[in-house]
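Report on the following structure.
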Amino acid sequence: MGAKTALYQEHLNLGAKVVDFAGWDMPLHYGSQVEEHYKVRGDSGMFDVSHMTFVDLKGDRVRAFLCYLLANNVDRLKSPGQALYTCMLNEQGGVVDDLIVYYFDEGRFRMVVNAGTHDKDMAWIEHHAASFDVSVEELTDVALLAVQGPEARNKVHDLLSPVQREKAEALAPFNAVESEGFFISRTGYTGEDGYEVMVPADQAVDFWRRLHSIGVHPVGLGARDTLRLEAGMDLYSAEMDEETSPLEAGLKWTVAWEPQDRNFIGREALEPQYNAIPARKLVGLILDGRGVLRGHQRVIVDGEVVGEVTSGSFSPTLGKAIALARVPYDVSGQVLVEMRGKQLPARVVKPPFVRHGKACFE
Amino acid sequence: MSNAPSHLKYAKSHEWVESVSDDTYRIGISDHAQDLLGDMVFIELPEVGQALSAQDECAVVESVKAASDVYSPLSGEVVAINEELVENPDLVNRDAYGDGWLFTVKASDLSELEALMSAAEYIELNSDDDH
């Protein structure tokens, strides 16, 4: 028996198949993960992501602390509510975790980090925060509902108070606002528009039920994975980990090299690689034949194993298997992937695979 | 709790067998098996005319979650396959004991039926998975 979110009983009531995820009892699907995937691409779906870790950072030097802790540059956050996707690196330039950081004011920022890395993240953050006199407060009495899809924003708007609604409607992508106890963020992990709405835990069931009553479909972790994979988004521990540089995980765009004098953890280790051609890169693969690409399948070029699939699945939108794979930098065109004793041809493409419901790979 | 109709026989590896006529049997995977695997995306079937021995791997059901081999519970010759599954693999999810059937064999050794389980025995076998 694992930890349970405020919505656990709701999941059971909706017939969820519950699985362990990083110590949490979470819904894998509510019947058909493929149907749930289509709902998000075509209309709207809601995910309980309350198992994630929410950390508020407070103190006079919190900006300076985050400029040191994070590989992307928090100085890009200038107006309240702006959000930034970033990696948190170790001294070797490997990825401790990937996360989103929000700016409220010069005394307060918020980070949302992965559930599977909770303990080491908290220890890492607290260890480095001490020398900046920054307090690290984990929010535990909240729930986070991701509402995603082309109709998601409209549907959320209908449930908000007039004040909340006006603020939400004004949000640009990757911005958030606090209003009347809700924290409303125009972010997500599906490649669709939508919100992630943080609410007090004791209001989670009510908000979830109201969303459901206006036709927002519950979606489990199964579809969450196929949606993010179609959107070409990395998953921590699959595409990157403490042994993998963000430069080899398709995340160079998140490492802010300028200004040169910003010293962040991992910078020194990445220095020699930053302007060099990396040994390996992350690519997309499409299998035009039958079968499903899956993590750890071997990628073969000219009869030699050159890399492996980091994440693979069936893409409901494309009707065929897709994957992210790490391969040598010069690989392009076609490769073979070994699955179930056979070697099947796969096309090398640049992710994402799907944007706003449509195929978009090159 | 998944269902298991009582007029069928079941194999430990989660196939069901239905008598169609004297020596002809239809074969599919159980509701319990499709529930464990989740949404089906590809089904590989044997060929009509193919000779099977009991326990041969003769089909593959692949879901979003995993690929799984299907073993023939009976020896014999494949006389029909469910071609609908090529375009609509989710029939296995929607109707495991009906429209989601996989293939039909003309059995060569009817004594193999005795090694199969009744519905009650099959449900008992799976009871550990269900809580």
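Labeling convention for the structure tokens: chains A, B, ... as they appear, residues from 1 per chain, ligands from 1 in order of appearance.
When the distance limit is 10 Å and only C-alpha atoms are what count, the residues near Lys65 in chain B, minus those fewer than 5 positions from it on the same chain, are Gly222, Val292, Arg294, Ser313 and Phe314 of chain A; Leu36, Leu37, Gly38, Asp39, Met40 and Val41 of chain B.
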Selection export as a PDB file, in the first residue's frame, atoms kept: N, CA and C atoms:
```pdb
ATOM      1  N   GLY A 222      -0.945   6.066 -17.919  1.00  0.00           N
ATOM      2  CA  GLY A 222      -0.653   5.407 -19.195  1.00  0.00           C
ATOM      3  C   GLY A 222      -0.718   6.396 -20.340  1.00  0.00           C
ATOM      4  N   VAL A 292       5.783  -2.638 -31.509  1.00  0.00           N
ATOM      5  CA  VAL A 292       5.839  -1.472 -30.634  1.00  0.00           C
ATOM      6  C   VAL A 292       7.270  -1.283 -30.136  1.00  0.00           C
ATOM      7  N   ARG A 294       9.962  -0.060 -27.563  1.00  0.00           N
ATOM      8  CA  ARG A 294       9.912   0.010 -26.099  1.00  0.00           C
ATOM      9  C   ARG A 294      11.298   0.326 -25.551  1.00  0.00           C
ATOM     10  N   SER A 313       6.665   3.662 -27.319  1.00  0.00           N
ATOM     11  CA  SER A 313       5.303   3.207 -27.102  1.00  0.00           C
ATOM     12  C   SER A 313       4.557   3.245 -28.426  1.00  0.00           C
ATOM     13  N   PHE A 314       3.291   2.962 -28.338  1.00  0.00           N
ATOM     14  CA  PHE A 314       2.407   3.075 -29.484  1.00  0.00           C
ATOM     15  C   PHE A 314       1.823   4.474 -29.463  1.00  0.00           C
TER      16      PHE A 314
ATOM     17  N   LEU B  36      -5.291  -7.480 -18.048  1.00  0.00           N
ATOM     18  CA  LEU B  36      -3.915  -7.284 -17.570  1.00  0.00           C
ATOM     19  C   LEU B  36      -3.078  -6.542 -18.609  1.00  0.00           C
ATOM     20  N   LEU B  37      -3.299  -6.865 -19.877  1.00  0.00           N
ATOM     21  CA  LEU B  37      -2.455  -6.286 -20.926  1.00  0.00           C
ATOM     22  C   LEU B  37      -2.873  -4.865 -21.289  1.00  0.00           C
ATOM     23  N   GLY B  38      -4.146  -4.567 -21.209  1.00  0.00           N
ATOM     24  CA  GLY B  38      -4.613  -3.228 -21.589  1.00  0.00           C
ATOM     25  C   GLY B  38      -4.834  -3.117 -23.085  1.00  0.00           C
ATOM     26  N   ASP B  39      -4.965  -1.878 -23.554  1.00  0.00           N
ATOM     27  CA  ASP B  39      -5.348  -1.620 -24.949  1.00  0.00           C
ATOM     28  C   ASP B  39      -4.480  -2.365 -25.956  1.00  0.00           C
ATOM     29  N   MET B  40      -5.106  -3.206 -26.782  1.00  0.00           N
ATOM     30  CA  MET B  40      -4.385  -3.938 -27.828  1.00  0.00           C
ATOM     31  C   MET B  40      -4.094  -3.014 -29.011  1.00  0.00           C
ATOM     32  N   VAL B  41      -2.887  -3.137 -29.557  1.00  0.00           N
ATOM     33  CA  VAL B  41      -2.552  -2.311 -30.722  1.00  0.00           C
ATOM     34  C   VAL B  41      -2.150  -3.136 -31.947  1.00  0.00           C
TER      35      VAL B  41
END
```
Write out as number ranges by chain the residues lying within 10 Å of range 68-79 of chain B, counting only C-alpha atoms and excluding same-chain residues fewer than 4 positions away.
B: 9-17, 23-29, 33, 37, 43-63, 102-113, 115-116
Go ahead and save the picked residues with C-alpha atoms, as a PDB file, in the first residue's frame.
```pdb
ATOM      1  CA  LYS B   9     -12.173 -24.420 -21.252  1.00  0.00           C
ATOM      2  CA  TYR B  10      -9.074 -22.495 -20.184  1.00  0.00           C
ATOM      3  CA  ALA B  11      -5.303 -22.874 -20.319  1.00  0.00           C
ATOM      4  CA  LYS B  12      -2.921 -21.698 -17.595  1.00  0.00           C
ATOM      5  CA  SER B  13      -1.392 -19.325 -20.123  1.00  0.00           C
ATOM      6  CA  HIS B  14      -4.805 -17.564 -20.353  1.00  0.00           C
ATOM      7  CA  GLU B  15      -6.193 -18.892 -23.636  1.00  0.00           C
ATOM      8  CA  TRP B  16      -9.788 -20.063 -23.868  1.00  0.00           C
ATOM      9  CA  VAL B  17     -11.141 -22.878 -26.060  1.00  0.00           C
ATOM     10  CA  ASP B  23     -13.338 -31.586 -33.788  1.00  0.00           C
ATOM     11  CA  THR B  24     -13.139 -27.853 -34.435  1.00  0.00           C
ATOM     12  CA  TYR B  25     -12.304 -25.403 -31.659  1.00  0.00           C
ATOM     13  CA  ARG B  26     -12.145 -21.631 -31.499  1.00  0.00           C
ATOM     14  CA  ILE B  27      -9.376 -20.073 -29.433  1.00  0.00           C
ATOM     15  CA  GLY B  28      -8.857 -16.651 -27.903  1.00  0.00           C
ATOM     16  CA  ILE B  29      -7.414 -14.999 -24.815  1.00  0.00           C
ATOM     17  CA  ALA B  33      -5.583 -11.601 -19.880  1.00  0.00           C
ATOM     18  CA  LEU B  37      -2.455  -6.286 -20.926  1.00  0.00           C
ATOM     19  CA  ILE B  43      -2.301  -8.824 -33.206  1.00  0.00           C
ATOM     20  CA  GLU B  44      -0.182 -11.369 -35.101  1.00  0.00           C
ATOM     21  CA  LEU B  45      -2.108 -14.472 -36.104  1.00  0.00           C
ATOM     22  CA  PRO B  46      -1.044 -17.871 -37.429  1.00  0.00           C
ATOM     23  CA  GLU B  47      -1.725 -18.757 -41.073  1.00  0.00           C
ATOM     24  CA  VAL B  48      -4.643 -20.802 -42.258  1.00  0.00           C
ATOM     25  CA  GLY B  49      -3.342 -24.296 -42.993  1.00  0.00           C
ATOM     26  CA  GLN B  50      -0.553 -24.005 -40.450  1.00  0.00           C
ATOM     27  CA  ALA B  51       0.014 -27.146 -38.358  1.00  0.00           C
ATOM     28  CA  LEU B  52       0.213 -26.536 -34.618  1.00  0.00           C
ATOM     29  CA  SER B  53       1.351 -28.639 -31.710  1.00  0.00           C
ATOM     30  CA  ALA B  54      -0.101 -27.959 -28.298  1.00  0.00           C
ATOM     31  CA  GLN B  55       1.964 -25.295 -26.457  1.00  0.00           C
ATOM     32  CA  ASP B  56       3.351 -23.847 -29.707  1.00  0.00           C
ATOM     33  CA  GLU B  57       3.707 -20.086 -29.754  1.00  0.00           C
ATOM     34  CA  CYS B  58       1.351 -19.329 -32.579  1.00  0.00           C
ATOM     35  CA  ALA B  59       0.181 -15.737 -32.142  1.00  0.00           C
ATOM     36  CA  VAL B  60       1.232 -12.499 -30.486  1.00  0.00           C
ATOM     37  CA  VAL B  61      -1.056  -9.999 -28.820  1.00  0.00           C
ATOM     38  CA  GLU B  62       0.655  -6.670 -28.341  1.00  0.00           C
ATOM     39  CA  SER B  63      -0.834  -3.963 -26.164  1.00  0.00           C
ATOM     40  CA  LEU B 102      -8.090 -15.290 -32.533  1.00  0.00           C
ATOM     41  CA  PHE B 103      -8.154 -18.497 -34.586  1.00  0.00           C
ATOM     42  CA  THR B 104      -9.901 -21.845 -35.071  1.00  0.00           C
ATOM     43  CA  VAL B 105      -8.184 -25.240 -35.170  1.00  0.00           C
ATOM     44  CA  LYS B 106      -9.238 -28.637 -36.396  1.00  0.00           C
ATOM     45  CA  ALA B 107      -7.949 -30.608 -33.417  1.00  0.00           C
ATOM     46  CA  SER B 108      -5.930 -33.786 -33.950  1.00  0.00           C
ATOM     47  CA  ASP B 109      -5.858 -35.028 -30.354  1.00  0.00           C
ATOM     48  CA  LEU B 110      -9.018 -34.491 -28.345  1.00  0.00           C
ATOM     49  CA  SER B 111      -7.412 -35.921 -25.214  1.00  0.00           C
ATOM     50  CA  GLU B 112      -5.563 -32.585 -24.890  1.00  0.00           C
ATOM     51  CA  LEU B 113      -8.844 -31.036 -23.812  1.00  0.00           C
ATOM     52  CA  ALA B 115      -5.533 -30.968 -19.540  1.00  0.00           C
ATOM     53  CA  LEU B 116      -7.506 -27.710 -19.715  1.00  0.00           C
TER      54      LEU B 116
END
```
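Of note, CA of Asp302 in chain A and CA of Pro352 in chain A are spaced 26.3 Å apart.
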For Trp101 in chain B, which residue among B:Ala80, B:Val64, B:Ala4, B:Met117 is the nearest when counting only C-alpha atoms?
B:Ala80
Helix (DSSP H, G or I) positions in range 146-211 of chain A, given as a count of residues only:
25
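Here the question is which of B:Ala119, B:Phe42, B:Ser21, B:Glu124 gets nearest to Ala67 in chain B using only C-alpha atoms, and that residue is B:Phe42.
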Give me, as a PyMOL selection string, the contact residues of chain A against chain B at a cut-off of 7 Å, counting only C-alpha atoms.
chain A and resi 32-34+290-291+313-314
Could those selected residues go to a file with C-alpha atoms, as a PDB file, in the first residue's frame?
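selection03.pdb written:
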```pdb
ATOM      1  CA  SER A  32      -8.810   2.444 -21.970  1.00  0.00           C
ATOM      2  CA  GLN A  33      -5.665   4.535 -22.017  1.00  0.00           C
ATOM      3  CA  VAL A  34      -5.949   4.929 -25.796  1.00  0.00           C
ATOM      4  CA  ARG A 290       3.865  -3.552 -37.048  1.00  0.00           C
ATOM      5  CA  GLY A 291       5.200  -3.803 -33.523  1.00  0.00           C
ATOM      6  CA  SER A 313       5.303   3.207 -27.102  1.00  0.00           C
ATOM      7  CA  PHE A 314       2.407   3.075 -29.484  1.00  0.00           C
TER       8      PHE A 314
END
```
Name the residues in contact with Ser135 in chain A at a cut-off of 12 Å, using only C-alpha atoms, excluding same-chain residues fewer than 3 positions from it; report them as an mmCIF file with N, CA and C atoms, in the first residue's frame.
```cif
data_model
loop_
_atom_site.group_PDB
_atom_site.id
_atom_site.type_symbol
_atom_site.label_atom_id
_atom_site.label_comp_id
_atom_site.auth_asym_id
_atom_site.auth_seq_id
_atom_site.Cartn_x
_atom_site.Cartn_y
_atom_site.Cartn_z
ATOM 1 N N VAL A 55 7.669 22.639 -3.935
ATOM 2 C CA VAL A 55 8.605 23.229 -2.974
ATOM 3 C C VAL A 55 8.591 24.743 -3.092
ATOM 4 N N ASP A 56 8.304 25.417 -2.017
ATOM 5 C CA ASP A 56 8.424 26.876 -1.987
ATOM 6 C C ASP A 56 9.768 27.254 -1.376
ATOM 7 N N LEU A 57 10.407 28.220 -2.030
ATOM 8 C CA LEU A 57 11.732 28.669 -1.611
ATOM 9 C C LEU A 57 11.615 30.133 -1.237
ATOM 10 N N LYS A 58 12.038 30.461 -0.037
ATOM 11 C CA LYS A 58 11.858 31.833 0.441
ATOM 12 C C LYS A 58 13.148 32.365 1.051
ATOM 13 N N GLY A 59 13.363 33.639 0.850
ATOM 14 C CA GLY A 59 14.536 34.285 1.441
ATOM 15 C C GLY A 59 14.992 35.437 0.568
ATOM 16 N N ASP A 60 15.784 36.335 1.145
ATOM 17 C CA ASP A 60 16.246 37.508 0.398
ATOM 18 C C ASP A 60 17.135 37.128 -0.776
ATOM 19 N N ARG A 61 17.823 36.003 -0.659
ATOM 20 C CA ARG A 61 18.789 35.638 -1.714
ATOM 21 C C ARG A 61 18.302 34.447 -2.544
ATOM 22 N N VAL A 62 16.993 34.288 -2.623
ATOM 23 C CA VAL A 62 16.468 33.107 -3.309
ATOM 24 C C VAL A 62 16.788 33.136 -4.802
ATOM 25 N N PHE A 65 20.327 32.052 -5.255
ATOM 26 C CA PHE A 65 20.413 30.613 -4.989
ATOM 27 C C PHE A 65 20.000 29.812 -6.222
ATOM 28 N N GLY A 107 11.298 37.497 -2.942
ATOM 29 C CA GLY A 107 11.453 36.701 -1.723
ATOM 30 C C GLY A 107 10.906 35.292 -1.846
ATOM 31 N N ARG A 108 10.296 34.956 -3.002
ATOM 32 C CA ARG A 108 9.615 33.656 -3.074
ATOM 33 C C ARG A 108 9.553 33.113 -4.502
ATOM 34 N N PHE A 109 10.019 31.882 -4.666
ATOM 35 C CA PHE A 109 9.887 31.119 -5.909
ATOM 36 C C PHE A 109 9.254 29.775 -5.547
ATOM 37 N N ARG A 110 8.756 29.071 -6.558
ATOM 38 C CA ARG A 110 8.206 27.732 -6.337
ATOM 39 C C ARG A 110 8.799 26.776 -7.366
ATOM 40 N N MET A 122 14.997 16.768 -2.403
ATOM 41 C CA MET A 122 14.846 17.577 -1.192
ATOM 42 C C MET A 122 16.192 17.707 -0.482
ATOM 43 N N ILE A 125 18.448 20.062 -2.581
ATOM 44 C CA ILE A 125 18.016 21.467 -2.513
ATOM 45 C C ILE A 125 18.338 22.039 -1.131
ATOM 46 N N GLU A 126 18.006 21.297 -0.089
ATOM 47 C CA GLU A 126 18.241 21.793 1.275
ATOM 48 C C GLU A 126 19.727 21.970 1.545
ATOM 49 N N HIS A 127 20.519 21.033 1.043
ATOM 50 C CA HIS A 127 21.964 21.120 1.242
ATOM 51 C C HIS A 127 22.511 22.432 0.666
ATOM 52 N N HIS A 128 22.085 22.760 -0.556
ATOM 53 C CA HIS A 128 22.637 23.953 -1.202
ATOM 54 C C HIS A 128 21.951 25.235 -0.742
ATOM 55 N N ALA A 129 20.726 25.124 -0.241
ATOM 56 C CA ALA A 129 19.991 26.329 0.184
ATOM 57 C C ALA A 129 20.591 26.937 1.449
ATOM 58 N N ALA A 130 21.208 26.095 2.255
ATOM 59 C CA ALA A 130 21.677 26.540 3.570
ATOM 60 C C ALA A 130 22.624 27.735 3.458
ATOM 61 N N SER A 131 23.547 27.657 2.486
ATOM 62 C CA SER A 131 24.536 28.729 2.421
ATOM 63 C C SER A 131 23.968 30.022 1.833
ATOM 64 N N PHE A 132 22.730 29.965 1.319
ATOM 65 C CA PHE A 132 22.085 31.186 0.827
ATOM 66 C C PHE A 132 21.003 31.677 1.794
ATOM 67 N N GLU A 138 8.189 22.304 1.771
ATOM 68 C CA GLU A 138 7.424 21.430 0.894
ATOM 69 C C GLU A 138 5.931 21.631 1.161
#
```
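Rounded to one decimal, CA of Ser44 in chain A and CA of Gln148 in chain A lie 5.5 Å from each other.
The gap separating CA of Glu239 in chain A from CA of Arg267 in chain A is 20.0 Å, in Å to one decimal.
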Of the candidates A:Asp234, A:Thr254, A:Val112, A:Gly81, which shows the shortest atom-to-atom distance to Leu139 in chain A, using only C-alpha atoms?
A:Val112
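Nearest to Cys87 in chain A of all the residues A:His11, A:Lys155, A:Lys4, A:Lys252 is A:Lys252, counting only C-alpha atoms.
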As a list in words, please: the residues near range 189-197 of chain A (cut-off 8 Å, only C-alpha atoms, same-chain neighbours under 5 positions excluded).
Val40, Arg41, Leu144, Leu145, Ala146, Val147, Gln148, Gly149, Pro150, Glu151, Ala152, Arg153, Phe182, Phe183, Ile184, Arg224, Leu227, Arg228, Glu230, Ala231, Met233, Val354, Arg355, His356 and Gly357 of chain A
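Remark: for Glu18 in chain B, the closest of the candidate residues B:Ile81, B:Asn3, B:Val92, B:Tyr97 is B:Tyr97 (distances computed over only C-alpha atoms).
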Per-residue DSSP, range 4-124 of chain B, filtered to strand (DSSP E or B), as JSON, numbers by chain
{"B": [9, 10, 15, 16, 17, 18, 19, 20, 21, 24, 25, 26, 27, 28, 29, 40, 41, 42, 43, 44, 51, 52, 57, 58, 59, 60, 61, 62, 63, 67, 68, 69, 70, 71, 76, 77, 78, 79, 80, 81, 103, 104, 105, 106, 107, 117]}
Tell me, as a count of residues only, which residues lie within 6 Å of Val216 in chain A, counting only C-alpha atoms; anything in the same chain fewer than 3 positions away does not count.
4
